[in-house]
file coords02.cif (mmCIF, C-alpha atoms)
data_final
#
loop_
_atom_site.label_atom_id
_atom_site.label_comp_id
_atom_site.auth_asym_id
_atom_site.auth_seq_id
_atom_site.Cartn_x
_atom_site.Cartn_y
_atom_site.Cartn_z
CA MET I 837 2.64 -18.20 7.66
CA PHE I 838 0.39 -15.16 8.13
CA GLU I 839 -1.12 -14.45 4.71
CA ILE I 840 -1.89 -11.13 3.03
CA ILE I 841 -4.79 -11.22 0.58
CA ALA I 842 -5.83 -8.49 -1.86
CA VAL I 843 -9.55 -7.89 -2.37
CA THR I 844 -10.12 -5.87 -5.52
CA ASN I 845 -12.14 -2.76 -6.25
CA ARG I 846 -11.15 -1.39 -9.65
CA ARG I 847 -12.93 1.92 -8.98
CA LEU I 848 -10.43 2.76 -6.24
CA CYS I 849 -7.39 2.57 -8.52
CA ILE I 850 -5.37 5.74 -8.94
CA GLY I 851 -6.07 6.93 -12.47
CA GLY I 852 -9.35 5.04 -12.61
CA GLU I 853 -10.46 1.69 -13.95
CA LYS I 854 -8.17 1.85 -16.98
CA ASN I 855 -5.22 1.24 -14.65
CA PHE I 856 -6.80 -1.75 -12.90
CA LEU I 857 -4.83 -4.52 -14.61
CA ASN I 858 -1.58 -2.62 -14.19
CA GLN I 859 -2.37 -2.30 -10.49
CA ILE I 860 -3.12 -6.02 -10.27
CA GLU I 861 0.23 -6.74 -11.92
CA ALA I 862 2.00 -4.65 -9.29
CA ILE I 863 0.00 -6.15 -6.41
CA ALA I 864 0.56 -9.73 -7.57
CA ALA I 865 4.30 -9.06 -7.76
CA ALA I 866 4.37 -7.48 -4.29
CA GLY I 867 4.57 -10.67 -2.24
CA ILE I 868 0.91 -11.22 -1.44
CA ASN I 869 -0.62 -14.69 -1.16
CA ALA I 870 -3.93 -14.36 -2.99
CA VAL I 871 -6.21 -12.06 -4.98
CA ILE I 872 -9.98 -12.10 -4.54
CA LEU I 873 -11.58 -10.56 -7.63
CA ARG I 874 -14.62 -8.81 -6.15
CA GLU I 875 -16.14 -6.42 -8.75
CA LYS I 876 -19.77 -7.20 -7.92
CA ASP I 877 -21.23 -4.61 -10.30
CA LEU I 878 -20.10 -6.36 -13.51
CA SER I 879 -22.32 -8.56 -15.67
CA PRO I 880 -21.36 -12.27 -15.81
CA GLN I 881 -19.89 -11.71 -19.27
CA GLU I 882 -17.82 -8.71 -18.18
CA TYR I 883 -16.73 -10.50 -15.05
CA GLU I 884 -15.68 -13.62 -16.97
CA ALA I 885 -13.50 -11.50 -19.28
CA LEU I 886 -11.84 -9.92 -16.25
CA VAL I 887 -11.36 -13.31 -14.58
CA LYS I 888 -9.34 -14.47 -17.57
CA GLU I 889 -7.01 -11.48 -17.35
CA VAL I 890 -6.56 -11.45 -13.58
CA SER I 891 -6.19 -15.22 -13.26
CA ARG I 892 -3.48 -15.12 -15.93
CA ILE I 893 -1.57 -12.48 -13.98
CA CYS I 894 -1.92 -14.46 -10.75
CA THR I 895 -0.73 -17.66 -12.40
CA GLU I 896 2.32 -15.89 -13.78
CA LYS I 897 3.16 -14.47 -10.33
CA ASN I 898 2.35 -17.71 -8.46
CA VAL I 899 -0.43 -16.03 -6.50
CA ARG I 900 -3.66 -17.82 -5.56
CA PHE I 901 -6.60 -16.52 -7.58
CA ILE I 902 -10.11 -16.53 -6.09
CA PRO I 903 -13.19 -15.42 -8.08
CA HIS I 904 -16.03 -13.87 -6.08
CA SER I 905 -19.53 -15.36 -5.99
CA VAL I 906 -19.96 -16.15 -9.69
CA THR I 907 -20.12 -19.94 -9.60
CA VAL I 908 -20.90 -20.34 -13.30
CA VAL I 909 -17.81 -18.38 -14.29
CA ALA I 910 -15.66 -20.36 -11.86
CA GLN I 911 -16.94 -23.62 -13.31
CA ASN I 912 -16.51 -22.50 -16.94
CA LEU I 913 -12.92 -21.46 -16.38
CA GLY I 914 -11.88 -24.34 -14.14
CA CYS I 915 -11.15 -22.21 -11.07
CA LYS I 916 -10.05 -24.13 -7.97
CA TYR I 917 -11.23 -21.55 -5.45
CA LEU I 918 -14.35 -19.47 -4.90
CA HIS I 919 -15.37 -16.75 -2.47
CA LEU I 920 -19.03 -16.31 -1.59
CA THR I 921 -21.04 -13.61 0.13
CA TRP I 922 -22.90 -14.76 3.21
CA ASP I 923 -26.31 -14.61 1.49
CA ILE I 924 -25.17 -16.63 -1.54
CA PHE I 925 -23.38 -19.16 0.64
CA LYS I 926 -26.44 -19.66 2.84
CA ASP I 927 -28.72 -20.02 -0.18
CA ILE I 928 -26.47 -22.67 -1.74
CA ALA I 929 -26.08 -24.53 1.55
CA GLN I 930 -29.86 -24.65 2.06
CA SER I 931 -30.83 -25.42 -1.54
CA HIS I 932 -28.14 -27.95 -2.46
CA PRO I 933 -26.80 -29.46 0.75
CA ALA I 934 -25.45 -32.66 -0.77
CA SER I 935 -23.54 -31.71 -3.92
CA SER I 936 -23.16 -27.96 -3.99
CA SER I 937 -20.66 -25.42 -5.24
CA ILE I 938 -19.35 -25.37 -1.69
CA SER I 939 -18.01 -28.91 -1.98
CA ARG I 940 -16.82 -28.54 -5.59
CA TYR I 941 -14.47 -25.68 -4.77
CA ARG I 942 -12.32 -24.57 -1.89
CA ALA I 943 -15.07 -22.08 -1.12
CA GLY I 944 -14.72 -19.31 1.41
CA VAL I 945 -17.42 -17.07 2.81
CA SER I 946 -17.67 -13.62 4.38
CA VAL I 947 -19.09 -13.68 7.92
CA HIS I 948 -20.10 -10.98 10.35
CA SER I 949 -20.93 -12.93 13.49
CA ILE I 950 -19.72 -15.95 15.42
CA GLU I 951 -22.99 -17.71 14.65
CA ASP I 952 -22.46 -17.20 10.92
CA ALA I 953 -18.92 -18.53 11.28
CA ARG I 954 -20.04 -21.74 12.98
CA TYR I 955 -22.76 -22.31 10.39
CA ALA I 956 -20.40 -21.75 7.47
CA ALA I 957 -17.82 -24.14 8.90
CA GLU I 958 -20.46 -26.82 9.49
CA LYS I 959 -21.67 -26.46 5.89
CA GLY I 960 -18.26 -27.01 4.37
CA ALA I 961 -16.62 -23.60 3.98
CA ALA I 962 -12.86 -23.93 3.45
CA TYR I 963 -12.07 -20.57 5.07
CA LEU I 964 -13.78 -17.45 6.42
CA ILE I 965 -13.25 -13.72 5.99
CA ALA I 966 -14.47 -11.97 9.15
CA GLY I 967 -15.10 -8.28 9.48
CA HIS I 968 -15.05 -5.53 9.42
CA VAL I 969 -12.50 -5.51 12.21
CA PHE I 970 -11.58 -1.82 12.35
CA GLU I 971 -13.33 1.30 11.10
CA THR I 972 -12.77 1.67 7.37
CA ASP I 973 -13.73 4.04 4.56
CA CYS I 974 -15.35 1.09 2.78
CA LYS I 975 -17.93 0.97 5.62
CA LYS I 976 -18.23 4.65 6.43
CA GLY I 977 -20.07 5.44 9.63
CA LEU I 978 -19.96 1.86 10.92
CA GLU I 979 -17.86 1.08 13.96
CA GLY I 980 -15.47 -1.85 13.58
CA ARG I 981 -16.37 -5.11 15.30
CA GLY I 982 -12.96 -5.20 16.91
CA LEU I 983 -10.22 -7.68 17.73
CA GLU I 984 -12.37 -9.47 20.32
CA PHE I 985 -14.86 -10.32 17.55
CA LEU I 986 -12.10 -11.66 15.33
CA SER I 987 -10.68 -13.72 18.20
CA GLY I 988 -14.14 -15.14 18.88
CA VAL I 989 -14.53 -16.24 15.26
CA CYS I 990 -11.10 -17.86 15.26
CA GLU I 991 -11.89 -19.74 18.47
CA ALA I 992 -15.28 -20.90 17.18
CA VAL I 993 -14.05 -22.75 14.08
CA LYS I 994 -11.20 -25.00 12.99
CA ILE I 995 -10.80 -23.58 9.47
CA PRO I 996 -8.63 -20.58 8.52
CA VAL I 997 -10.03 -17.15 9.34
CA TYR I 998 -8.87 -13.91 7.70
CA GLY I 999 -9.59 -10.49 9.13
CA ILE I 1000 -10.76 -7.63 6.92
CA GLY I 1001 -11.50 -3.96 7.43
CA GLY I 1002 -9.12 -1.14 8.30
CA ILE I 1003 -6.05 -3.35 8.72
CA THR I 1004 -2.81 -1.37 8.43
CA GLY I 1005 0.80 -1.51 9.51
CA HIS I 1006 -0.27 0.05 12.81
CA ASN I 1007 -2.60 -2.80 13.82
CA ILE I 1008 -1.61 -5.86 11.80
CA ALA I 1009 0.56 -7.23 14.63
CA ALA I 1010 -2.49 -7.16 16.92
CA VAL I 1011 -4.49 -9.03 14.27
CA THR I 1012 -1.96 -11.87 14.34
CA LYS I 1013 -2.59 -12.34 18.07
CA THR I 1014 -6.27 -13.21 17.48
CA GLY I 1015 -5.42 -16.53 15.84
CA ALA I 1016 -6.26 -15.24 12.35
CA SER I 1017 -4.48 -16.91 9.44
CA GLY I 1018 -4.10 -13.65 7.58
CA ALA I 1019 -5.43 -10.24 6.65
CA CYS I 1020 -7.39 -8.99 3.64
CA LEU I 1021 -6.75 -5.50 2.27
CA MET I 1022 -8.67 -3.55 -0.33
CA SER I 1023 -8.30 0.24 -0.37
CA SER I 1024 -4.66 0.44 0.65
CA LEU I 1025 -3.52 -1.98 -2.06
CA MET I 1026 -5.80 -0.62 -4.76
CA GLN I 1027 -4.62 2.94 -4.12
CA SER I 1028 -0.95 2.24 -3.46
CA THR I 1029 1.64 3.69 -5.81
CA ASN I 1030 4.10 1.06 -4.57
CA PRO I 1031 2.37 -2.15 -3.45
CA ALA I 1032 5.72 -3.92 -2.94
CA ASP I 1033 6.78 -1.34 -0.34
CA LEU I 1034 3.35 -1.50 1.29
CA VAL I 1035 3.43 -5.30 1.63
CA ARG I 1036 7.06 -5.24 2.76
CA GLY I 1037 6.12 -2.78 5.47
CA LEU I 1038 3.20 -4.92 6.62
CA ARG I 1039 5.33 -8.04 6.80
CA ALA I 1040 7.98 -6.14 8.76
CA ARG I 1041 5.37 -5.56 11.49
CA LEU I 1042 4.55 -9.27 11.81
CA PRO I 1043 5.96 -11.16 14.78
CA GLY I 1044 9.12 -13.07 13.94
#
call {"tool": "encode", "arguments": {"input": "coords02.cif", "output": "structure tokens"}}
result
Amino acid sequence: MFEIIAVTNRRLCIGGEKNFLNQIEAIAAAGINAVILREKDLSPQEYEALVKEVSRICTEKNVRFIPHSVTVVAQNLGCKYLHLTWDIFKDIAQSHPASSSISRYRAGVSVHSIEDARYAAEKGAAYLIAGHVFETDCKKGLEGRGLEFLSGVCEAVKIPVYGIGGITGHNIAAVTKTGASGACLMSSLMQSTNPADLVRGLRARLPG
């Protein structure tokens, strides 16, 4: 099944950060498969408090919860999954090759080249997020790497690959043809007044 994953950015929520948990509630109930709690600007203490709230919502809605990069928080709270930036993943892989956070969790990593993808897969990543595929407001002024890039990543590794960046109802069907296991969305879900309708519309565009 082609998965739809929400990547959070509380500052994009309509009405501001105060509505973030309400938005997560709506997103988790919308038929998505996972939530990656990004929020890189928070302190470890602030992030841990948010993890508790968001993981509770995800558990209630039977949605996979994935904390982002903070290995200590993931360990403290018994998280099963972890998403890492490329730099953090590479540092862990080089510093602790035998018994690292990569092997303790189902750890995914963000990649931006086929070479990165191969390296991450060799070092034990459970999945990859590859992007950005299309032009997106989150990467203003930067041209998308395109569907050929995403196809190349999918062909280079045997683990699941998820596309990210500018994916909408207009292009999600094309994303499925690359071999990707799913798509990650940030802005559209964070800013949606009706995430259920948004996700329903995306799934309606997927090949039968």
call {"tool": "closest_residue", "arguments": {"input": "coords02.cif", "among": "I:Gly1002, I:Gly977, I:Gly967, I:Gly1015", "to": "Asp952 (chain I)", "atoms": "only C-alpha atoms"}}
result
I:Gly967
call {"tool": "resolve_selection", "arguments": {"input": "coords02.cif", "expression": "the PyMOL selection byres ((chain I and resi 901) around 9)", "output": "list in words"}}
result
Asn869, Ala870, Val871, Ile872, Leu873, Val890, Ser891, Cys894, Thr895, Val899, Arg900, Ile902, Pro903, Cys915, Lys916, Tyr917 and Leu918 of chain I
call {"tool": "atom_distance", "arguments": {"input": "coords02.cif", "atom1": "CA of Ile995 (chain I)", "atom2": "CA of Ala961 (chain I)"}}
result
8.0 Å
call {"tool": "residues_around", "arguments": {"input": "coords02.cif", "residues": "region 1030-1038 of chain I", "least_positions_apart": "3", "cutoff": "7 Å", "atoms": "all atoms listed in the file", "output": "ChimeraX atom specification"}}
result
/I:862-863,866-867,1005,1025,1041-1042
call {"tool": "residues_around", "arguments": {"input": "coords02.cif", "residues": "Val993 (chain I)", "least_positions_apart": "6", "cutoff": "8 Å", "atoms": "all atoms listed in the file", "output": "VMD selection string"}}
result
chain I and resid 953 to 954 957
call {"tool": "atom_distance", "arguments": {"input": "coords02.cif", "atom1": "CA of Ile965 (chain I)", "atom2": "CA of His919 (chain I)"}}
result
9.2 Å
call {"tool": "build_atoms", "arguments": {"input": "coords02.cif", "residues": "region 956-975 of chain I", "atoms": "N, CA and C atoms", "output": "mmCIF file, keeping the file's coordinate frame"}}
result
data_model
loop_
_atom_site.group_PDB
_atom_site.id
_atom_site.type_symbol
_atom_site.label_atom_id
_atom_site.label_comp_id
_atom_site.auth_asym_id
_atom_site.auth_seq_id
_atom_site.Cartn_x
_atom_site.Cartn_y
_atom_site.Cartn_z
ATOM 1 N N ALA I 956 -21.180 -21.602 8.699
ATOM 2 C CA ALA I 956 -20.400 -21.750 7.470
ATOM 3 C C ALA I 956 -19.427 -22.913 7.572
ATOM 4 N N ALA I 957 -18.769 -23.040 8.712
ATOM 5 C CA ALA I 957 -17.820 -24.140 8.900
ATOM 6 C C ALA I 957 -18.530 -25.489 8.863
ATOM 7 N N GLU I 958 -19.693 -25.560 9.479
ATOM 8 C CA GLU I 958 -20.460 -26.820 9.490
ATOM 9 C C GLU I 958 -20.921 -27.209 8.087
ATOM 10 N N LYS I 959 -21.162 -26.211 7.236
ATOM 11 C CA LYS I 959 -21.670 -26.460 5.890
ATOM 12 C C LYS I 959 -20.567 -26.608 4.845
ATOM 13 N N GLY I 960 -19.334 -26.659 5.292
ATOM 14 C CA GLY I 960 -18.260 -27.010 4.370
ATOM 15 C C GLY I 960 -17.401 -25.888 3.843
ATOM 16 N N ALA I 961 -17.498 -24.686 4.418
ATOM 17 C CA ALA I 961 -16.620 -23.600 3.980
ATOM 18 C C ALA I 961 -15.163 -23.987 4.235
ATOM 19 N N ALA I 962 -14.281 -23.618 3.308
ATOM 20 C CA ALA I 962 -12.860 -23.930 3.450
ATOM 21 C C ALA I 962 -12.135 -22.876 4.289
ATOM 22 N N TYR I 963 -12.665 -21.654 4.289
ATOM 23 C CA TYR I 963 -12.070 -20.570 5.070
ATOM 24 C C TYR I 963 -13.126 -19.486 5.258
ATOM 25 N N LEU I 964 -12.860 -18.550 6.159
ATOM 26 C CA LEU I 964 -13.780 -17.450 6.420
ATOM 27 C C LEU I 964 -13.033 -16.119 6.339
ATOM 28 N N ILE I 965 -13.739 -15.100 5.875
ATOM 29 C CA ILE I 965 -13.250 -13.720 5.990
ATOM 30 C C ILE I 965 -14.197 -13.008 6.954
ATOM 31 N N ALA I 966 -13.654 -12.538 8.074
ATOM 32 C CA ALA I 966 -14.470 -11.970 9.150
ATOM 33 C C ALA I 966 -14.217 -10.476 9.283
ATOM 34 N N GLY I 967 -15.278 -9.725 9.341
ATOM 35 C CA GLY I 967 -15.100 -8.280 9.480
ATOM 36 C C GLY I 967 -16.439 -7.562 9.614
ATOM 37 N N HIS I 968 -16.332 -6.210 9.538
ATOM 38 C CA HIS I 968 -15.050 -5.530 9.420
ATOM 39 C C HIS I 968 -14.461 -5.324 10.818
ATOM 40 N N VAL I 969 -13.155 -5.488 10.910
ATOM 41 C CA VAL I 969 -12.500 -5.510 12.210
ATOM 42 C C VAL I 969 -12.321 -4.097 12.758
ATOM 43 N N PHE I 970 -11.787 -3.208 11.945
ATOM 44 C CA PHE I 970 -11.580 -1.820 12.350
ATOM 45 C C PHE I 970 -12.425 -0.898 11.467
ATOM 46 N N GLU I 971 -12.591 0.315 11.904
ATOM 47 C CA GLU I 971 -13.330 1.300 11.100
ATOM 48 C C GLU I 971 -12.597 1.491 9.764
ATOM 49 N N THR I 972 -13.360 1.578 8.697
ATOM 50 C CA THR I 972 -12.770 1.670 7.370
ATOM 51 C C THR I 972 -13.631 2.545 6.472
ATOM 52 N N ASP I 973 -13.002 3.199 5.508
ATOM 53 C CA ASP I 973 -13.730 4.040 4.560
ATOM 54 C C ASP I 973 -14.708 3.232 3.726
ATOM 55 N N CYS I 974 -14.442 1.937 3.564
ATOM 56 C CA CYS I 974 -15.350 1.090 2.780
ATOM 57 C C CYS I 974 -16.690 0.876 3.494
ATOM 58 N N LYS I 975 -16.700 1.104 4.822
ATOM 59 C CA LYS I 975 -17.930 0.970 5.620
ATOM 60 C C LYS I 975 -18.106 2.245 6.448
#
